[in-house]
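**Student:** Structure file query_13.txt (compact mmCIF, C-alpha atoms) right here:
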# COMPACT_ATOMS: atom_id res chain seq x y z
CA MET A 752 176.46 155.83 -80.15
CA THR A 753 174.54 153.17 -78.23
CA ASN A 754 176.46 151.41 -75.49
CA THR A 755 175.89 147.76 -74.56
CA PRO A 756 176.75 145.58 -71.54
CA ASP A 757 180.03 144.78 -73.36
CA ASP A 758 181.01 148.40 -72.67
CA VAL A 759 181.26 147.66 -68.93
CA GLU A 760 184.31 146.00 -67.38
CA VAL A 761 183.69 144.60 -63.87
CA ILE A 762 187.00 144.46 -62.04
CA GLU A 763 185.54 143.04 -58.82
CA LYS A 764 182.14 142.19 -57.41
CA ARG A 765 181.66 141.19 -53.79
CA ALA A 766 178.71 140.69 -51.43
CA ASP A 767 179.32 143.00 -48.47
CA PHE A 768 176.07 142.47 -46.56
CA GLN A 769 173.40 139.80 -46.40
CA GLY A 770 170.39 140.33 -44.18
CA TYR A 771 166.75 140.84 -45.07
CA PHE A 772 168.25 142.41 -48.21
CA ARG A 773 171.72 142.17 -49.79
CA ILE A 774 174.29 144.80 -50.72
CA ASP A 775 176.86 144.06 -53.43
CA THR A 776 179.88 146.25 -54.15
CA TYR A 777 181.17 146.65 -57.70
CA ARG A 778 184.53 147.98 -58.87
CA LEU A 779 184.18 148.76 -62.56
CA ARG A 780 184.81 151.05 -65.45
CA HIS A 781 182.59 151.78 -68.44
CA ARG A 782 182.75 153.27 -71.89
CA LEU A 783 182.19 157.04 -72.03
CA HIS A 784 180.00 158.77 -74.60
CA ASP A 785 183.12 159.98 -76.45
CA GLY A 786 184.38 156.40 -76.84
CA ARG A 787 187.07 156.47 -74.14
CA TRP A 788 186.93 154.41 -70.91
CA SER A 789 185.99 155.92 -67.57
CA LYS A 790 188.24 155.83 -64.56
CA GLU A 791 187.63 152.97 -62.11
CA VAL A 792 184.58 153.61 -59.90
CA THR A 793 183.15 151.81 -56.87
CA ARG A 794 179.39 151.48 -56.48
CA GLU A 795 177.18 149.70 -53.94
CA VAL A 796 174.03 148.02 -55.27
CA PHE A 797 171.02 147.28 -53.08
CA GLU A 798 169.67 143.83 -54.04
CA ARG A 799 166.08 143.05 -53.05
CA GLY A 800 164.86 141.07 -56.05
CA HIS A 801 162.22 142.14 -58.54
CA ALA A 802 158.66 143.14 -57.80
CA VAL A 803 155.12 143.25 -59.12
CA ALA A 804 152.57 146.01 -58.54
CA VAL A 805 148.92 145.98 -59.55
CA ILE A 806 146.17 148.56 -59.37
CA PRO A 807 142.83 146.75 -58.88
CA TYR A 808 140.07 148.49 -60.83
CA ASP A 809 136.33 147.86 -60.98
CA PRO A 810 135.10 149.18 -64.36
CA ALA A 811 131.42 148.77 -63.45
CA LEU A 812 131.69 150.88 -60.28
CA ASP A 813 134.56 153.03 -61.64
CA ARG A 814 136.45 152.50 -58.39
CA VAL A 815 140.02 151.56 -57.56
CA VAL A 816 141.21 149.50 -54.60
CA LEU A 817 144.13 150.89 -52.63
CA ILE A 818 145.85 149.77 -49.44
CA GLU A 819 147.42 151.45 -46.43
CA GLN A 820 150.41 150.03 -44.57
CA PHE A 821 153.49 151.04 -42.57
CA ARG A 822 156.74 151.49 -44.55
CA ILE A 823 160.14 151.70 -42.84
CA GLY A 824 161.60 153.70 -45.74
CA ALA A 825 158.91 156.34 -45.36
CA TYR A 826 159.57 156.45 -41.61
CA ALA A 827 163.32 156.94 -42.18
CA ALA A 828 162.68 159.60 -44.86
CA ARG A 829 160.81 161.74 -42.31
CA GLN A 830 164.11 162.41 -40.57
CA SER A 831 165.26 164.56 -43.49
CA ARG A 832 164.37 168.24 -43.74
CA TRP A 833 162.22 167.60 -46.82
CA PHE A 834 159.32 166.11 -44.87
CA ALA A 835 157.09 167.78 -42.30
CA ASP A 836 156.66 166.27 -38.84
CA ASP A 837 153.06 165.31 -39.57
CA VAL A 838 153.90 163.21 -42.66
CA SER A 839 152.78 159.66 -41.92
CA PRO A 840 154.93 156.56 -42.54
CA TRP A 841 151.67 154.71 -43.29
CA LEU A 842 151.45 154.98 -47.08
CA ILE A 843 148.55 154.76 -49.50
CA GLU A 844 149.64 152.28 -52.15
CA VAL A 845 148.64 149.87 -54.89
CA ILE A 846 149.07 146.13 -54.34
CA ALA A 847 152.70 144.99 -54.56
CA GLY A 848 155.01 142.09 -53.76
CA ILE A 849 158.35 140.46 -54.53
CA ILE A 850 158.64 137.79 -57.24
CA GLU A 851 159.69 134.54 -55.59
CA PRO A 852 161.90 131.97 -57.40
CA GLY A 853 159.96 130.16 -60.11
CA GLU A 854 157.08 132.66 -60.16
CA ASP A 855 155.73 134.55 -63.16
CA PRO A 856 154.92 138.28 -62.66
CA ALA A 857 151.24 137.73 -63.53
CA GLU A 858 151.04 134.94 -60.94
CA VAL A 859 152.46 137.29 -58.32
CA ALA A 860 149.84 139.92 -59.19
CA VAL A 861 147.07 137.37 -58.56
CA ARG A 862 148.65 136.06 -55.35
CA GLU A 863 149.38 139.46 -53.85
CA THR A 864 145.90 140.78 -54.60
CA VAL A 865 144.37 137.91 -52.63
CA GLU A 866 146.87 138.31 -49.78
CA GLU A 867 146.64 142.10 -49.47
CA CYS A 868 142.97 142.83 -50.10
CA GLY A 869 141.14 139.49 -50.35
CA LEU A 870 140.05 140.01 -53.97
CA ASN A 871 140.37 137.82 -57.05
CA LEU A 872 141.62 139.25 -60.32
CA SER A 873 139.52 138.22 -63.30
CA GLU A 874 141.67 139.94 -65.96
CA LEU A 875 145.09 141.60 -66.16
CA ILE A 876 146.51 144.29 -68.41
CA PRO A 877 150.31 144.74 -68.46
CA VAL A 878 151.14 148.41 -67.94
CA SER A 879 154.91 148.77 -67.64
CA HIS A 880 158.18 147.17 -66.59
CA TYR A 881 160.50 149.79 -65.13
CA LEU A 882 163.61 150.16 -62.97
CA ALA A 883 162.68 151.38 -59.50
CA SER A 884 165.82 153.40 -58.71
CA PRO A 885 168.69 152.39 -61.03
CA GLY A 886 171.24 154.66 -59.39
CA GLY A 887 171.45 152.29 -56.45
CA THR A 888 169.33 149.16 -56.83
CA SER A 889 168.76 146.45 -59.45
CA GLU A 890 165.07 146.17 -58.54
CA SER A 891 162.55 146.39 -61.37
CA VAL A 892 158.77 146.53 -61.14
CA PHE A 893 156.23 144.79 -63.36
CA LEU A 894 153.10 146.96 -63.20
CA PHE A 895 149.60 145.69 -64.03
CA CYS A 896 146.01 146.90 -63.99
CA GLY A 897 143.72 144.17 -62.69
CA ARG A 898 139.97 143.76 -62.95
CA VAL A 899 138.13 143.19 -59.66
CA ASP A 900 134.70 143.38 -58.09
CA ALA A 901 135.20 146.19 -55.56
CA SER A 902 131.73 145.96 -54.00
CA ASP A 903 132.94 144.12 -50.90
CA VAL A 904 136.32 145.48 -49.82
CA GLY A 905 137.31 145.64 -46.18
CA GLY A 906 138.94 143.95 -43.23
CA LEU A 907 142.63 143.67 -42.47
CA HIS A 908 144.96 141.59 -44.61
CA GLY A 909 148.57 140.54 -45.09
CA ILE A 910 150.76 137.74 -43.78
CA ALA A 911 151.23 138.22 -40.03
CA ASP A 912 154.42 136.13 -39.94
CA GLU A 913 155.97 138.60 -42.39
CA GLY A 914 154.94 141.59 -40.27
CA GLU A 915 152.22 142.73 -42.66
CA ASP A 916 149.24 144.73 -41.41
CA ILE A 917 147.35 145.94 -44.48
CA ARG A 918 144.11 147.90 -44.65
CA PRO A 919 142.44 147.78 -48.08
CA PHE A 920 139.78 150.26 -49.11
CA THR A 921 137.97 151.35 -52.25
CA LEU A 922 137.76 154.82 -53.73
CA PRO A 923 135.98 156.39 -56.72
CA PHE A 924 138.54 156.87 -59.46
CA SER A 925 137.95 160.63 -59.50
CA ASP A 926 138.70 160.80 -55.76
CA ALA A 927 141.88 158.77 -56.24
CA LEU A 928 143.05 161.33 -58.81
CA ASP A 929 142.24 164.14 -56.38
CA TRP A 930 144.35 162.39 -53.73
CA LEU A 931 147.17 162.00 -56.26
CA ASN A 932 147.07 165.67 -57.20
CA ALA A 933 146.97 166.70 -53.54
CA GLY A 934 150.11 164.67 -52.77
CA ARG A 935 148.39 162.12 -50.53
CA ILE A 936 149.74 159.33 -52.75
CA ALA A 937 153.51 159.63 -52.73
CA ASN A 938 155.14 156.44 -53.99
CA ALA A 939 156.25 155.72 -57.54
CA ALA A 940 154.28 152.57 -58.39
CA SER A 941 150.99 154.08 -57.23
CA ILE A 942 151.62 157.38 -59.03
CA ILE A 943 152.52 155.61 -62.28
CA ALA A 944 149.53 153.27 -62.01
CA LEU A 945 147.01 156.05 -61.41
CA GLN A 946 148.45 158.25 -64.14
CA TRP A 947 148.32 155.32 -66.57
CA LEU A 948 144.71 154.61 -65.64
CA ALA A 949 143.84 158.28 -66.08
CA LEU A 950 145.19 158.11 -69.65
CA ASN A 951 143.67 154.71 -70.48
CA ARG A 952 140.51 154.52 -68.36
CA ASP A 953 138.06 154.84 -71.25
CA ALA A 954 139.83 152.09 -73.21
CA VAL A 955 139.97 149.84 -70.13
CA ARG A 956 136.25 150.30 -69.42
CA LYS A 957 135.45 149.54 -73.07
CA LYS A 958 137.65 146.41 -73.01
CA TRP A 959 136.13 145.17 -69.74
CA ARG A 960 132.55 146.21 -70.50
Just give me the structure as structure tokens.

**Tutor:**
Amino acid sequence: MTNTPDDVEVIEKRADFQGYFRIDTYRLRHRLHDGRWSKEVTREVFERGHAVAVIPYDPALDRVVLIEQFRIGAYAARQSRWFADDVSPWLIEVIAGIIEPGEDPAEVAVRETVEECGLNLSELIPVSHYLASPGGTSESVFLFCGRVDASDVGGLHGIADEGEDIRPFTLPFSDALDWLNAGRIANAASIIALQWLALNRDAVRKKWR
């Protein structure tokens, strides 16, 4: 049995918080796998829009471009018992940004790559479109691999008025995989991007030769 959106009955939806992000509360019931209806449940949904992530890759140099920046979620996560005191809230990441009204995901990939590392994308390969954390947020991520010239990466980037302080750097692909395997890269978009590139690197280099 495959359920559809028609198998959800929304009894009430209200916006309970609006700040930098929004939180909506749903009262609903949904069809169960045995065909019956569930009891009424209440769920909060974190609304932050939809995002784009891109891993810049230089096929000639066989290097990826990554960035480092402070993340409040990583800082808050350190307060749990699952993280050691020396875990840094400055994360190693791929390029990423929120899709603004009227924008296409590919346009966001180009814009964010310029803003966050000062590089121009010459080609894009769509990788995936996935839900970031569907148990509590509607956010989805459009993931791309983008072709760049990584021979001149450096400086500090980001939009100061938005509180961004971003350090881009370049890394041999083999080193990036070592960092991934050692746990130095610990966010979903970057893990997915590097694992995809590990599986498809030969085909990407052939395509962009």

**Student:** Select, from A:Glu819, A:Asp813, A:Glu760, A:Asp767, the residue with the minimum atom-to-atom distance to Ile936 in chain A, counting all atoms listed in the file.

**Tutor:**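 Counting all atoms listed in the file, the residue closest to Ile936 in chain A is A:Glu819.
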
**Student:** Is it possible to get the residues within 6 Å of (144.5, 148.9, -44.9) (coordinates as in the file, counting all atoms listed in the file) written as a list in words?

**Tutor:**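 So the residues meeting the distance criterion are Ile818, Glu819, Ile917, Arg918 and Pro919 of chain A.
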
**Student:** Would you work out the distance separating CA of Asp809 in chain A from CA of His908 in chain A, expressed in Å to one decimal?

**Tutor:**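 Computing it gives 19.5 Å between the two atoms.
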
**Student:** Expressed in Å to a single decimal, how great is the separation between CA of Gln769 in chain A and CA of Val892 in chain A?

**Tutor:**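 Taking CA of Gln769 in chain A as the start and CA of Val892 in chain A as the end point, the length is 21.8 Å.
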
**Student:** Which polymer residues have any atom within 9 Å of an atom of Leu931 in chain A, counting all atoms listed in the file, with same-chain residues fewer than 5 positions away left out, as an mmCIF file with C-alpha atoms, in the coordinates of the input?

**Tutor:**
data_model
loop_
_atom_site.group_PDB
_atom_site.id
_atom_site.type_symbol
_atom_site.label_atom_id
_atom_site.label_comp_id
_atom_site.auth_asym_id
_atom_site.auth_seq_id
_atom_site.Cartn_x
_atom_site.Cartn_y
_atom_site.Cartn_z
ATOM 1 C CA ASP A 926 138.700 160.800 -55.760
ATOM 2 C CA ILE A 936 149.740 159.330 -52.750
ATOM 3 C CA ALA A 937 153.510 159.630 -52.730
ATOM 4 C CA SER A 941 150.990 154.080 -57.230
ATOM 5 C CA ILE A 942 151.620 157.380 -59.030
ATOM 6 C CA LEU A 945 147.010 156.050 -61.410
ATOM 7 C CA GLN A 946 148.450 158.250 -64.140
#

**Student:** Please, what distance in Å, to one decimal, runs between CA of Ile849 in chain A and CA of Gly824 in chain A?

**Tutor:** 16.2 Å

**Student:** Of the candidates A:Arg765, A:Arg780, A:Arg898, A:Arg956, which shows the shortest atom-to-atom distance to Pro877 in chain A, using only C-alpha atoms?

**Tutor:** A:Arg898

**Student:** Which is closest to Arg952 in chain A among A:Ile843, A:Ala802, A:Leu872, A:Cys896, if we use all atoms listed in the file?

**Tutor:** A:Cys896

**Student:** Give the answer as one residue: which of A:Ala766, A:Ile823, A:Glu844, A:Gly914 has the shortest atom-to-atom distance to Trp930 in chain A, using all atoms listed in the file?

**Tutor:**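 Selected residue with least distance to Trp930 in chain A: A:Glu844.
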
**Student:** Around the point (146.4, 143.8, -64.2) in the file's coordinates, collect all residues with an atom within 6 Å, using all atoms listed in the file, and return them as a tab-separated table (two decimals) with C-alpha atoms, keeping the file's coordinate frame.

**Tutor:**
chain	number	residue	atom	x	y	z
A	805	VAL	CA	148.92	145.98	-59.55
A	875	LEU	CA	145.09	141.60	-66.16
A	876	ILE	CA	146.51	144.29	-68.41
A	877	PRO	CA	150.31	144.74	-68.46
A	895	PHE	CA	149.60	145.69	-64.03
A	896	CYS	CA	146.01	146.90	-63.99
A	897	GLY	CA	143.72	144.17	-62.69

**Student:** Which neighbours of Ala847 in chain A fall inside 9 Å, counting only C-alpha atoms, when residues of the same chain fewer than 2 positions from it are skipped, and could you give them as a VMD selection string?

**Tutor:** chain A and resid 802 to 806 844 to 845 849 859 to 860 863 to 864 867 894 940

**Student:** Taking only C-alpha atoms into account, name the residue in A:Thr753, A:Glu866, A:Glu763, A:His784 that is nearest to Ala911 in chain A.

**Tutor:**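 Result for the nearest residue to Ala911 in chain A: A:Glu866.
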
**Student:** Out of A:Arg814, A:Lys958, A:Arg832, A:His801, which residue has the shortest atom-to-atom distance to Phe920 in chain A when counting only C-alpha atoms?

**Tutor:**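 Closest candidate: A:Arg814.
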
**Student:** Pick out the residues sitting within 10 Å of Arg794 in chain A, and hand them over as a PyMOL selection string; count all atoms listed in the file, and ignore anything fewer than 4 positions along from it in its own chain.

**Tutor:** chain A and resi 764+775-779+886-887

**Student:** Write out as a PyMOL selection string the residues lying within 9 Å of Val904 in chain A, counting only C-alpha atoms and excluding same-chain residues fewer than 6 positions away.

**Tutor:** chain A and resi 816+868-870+919-921
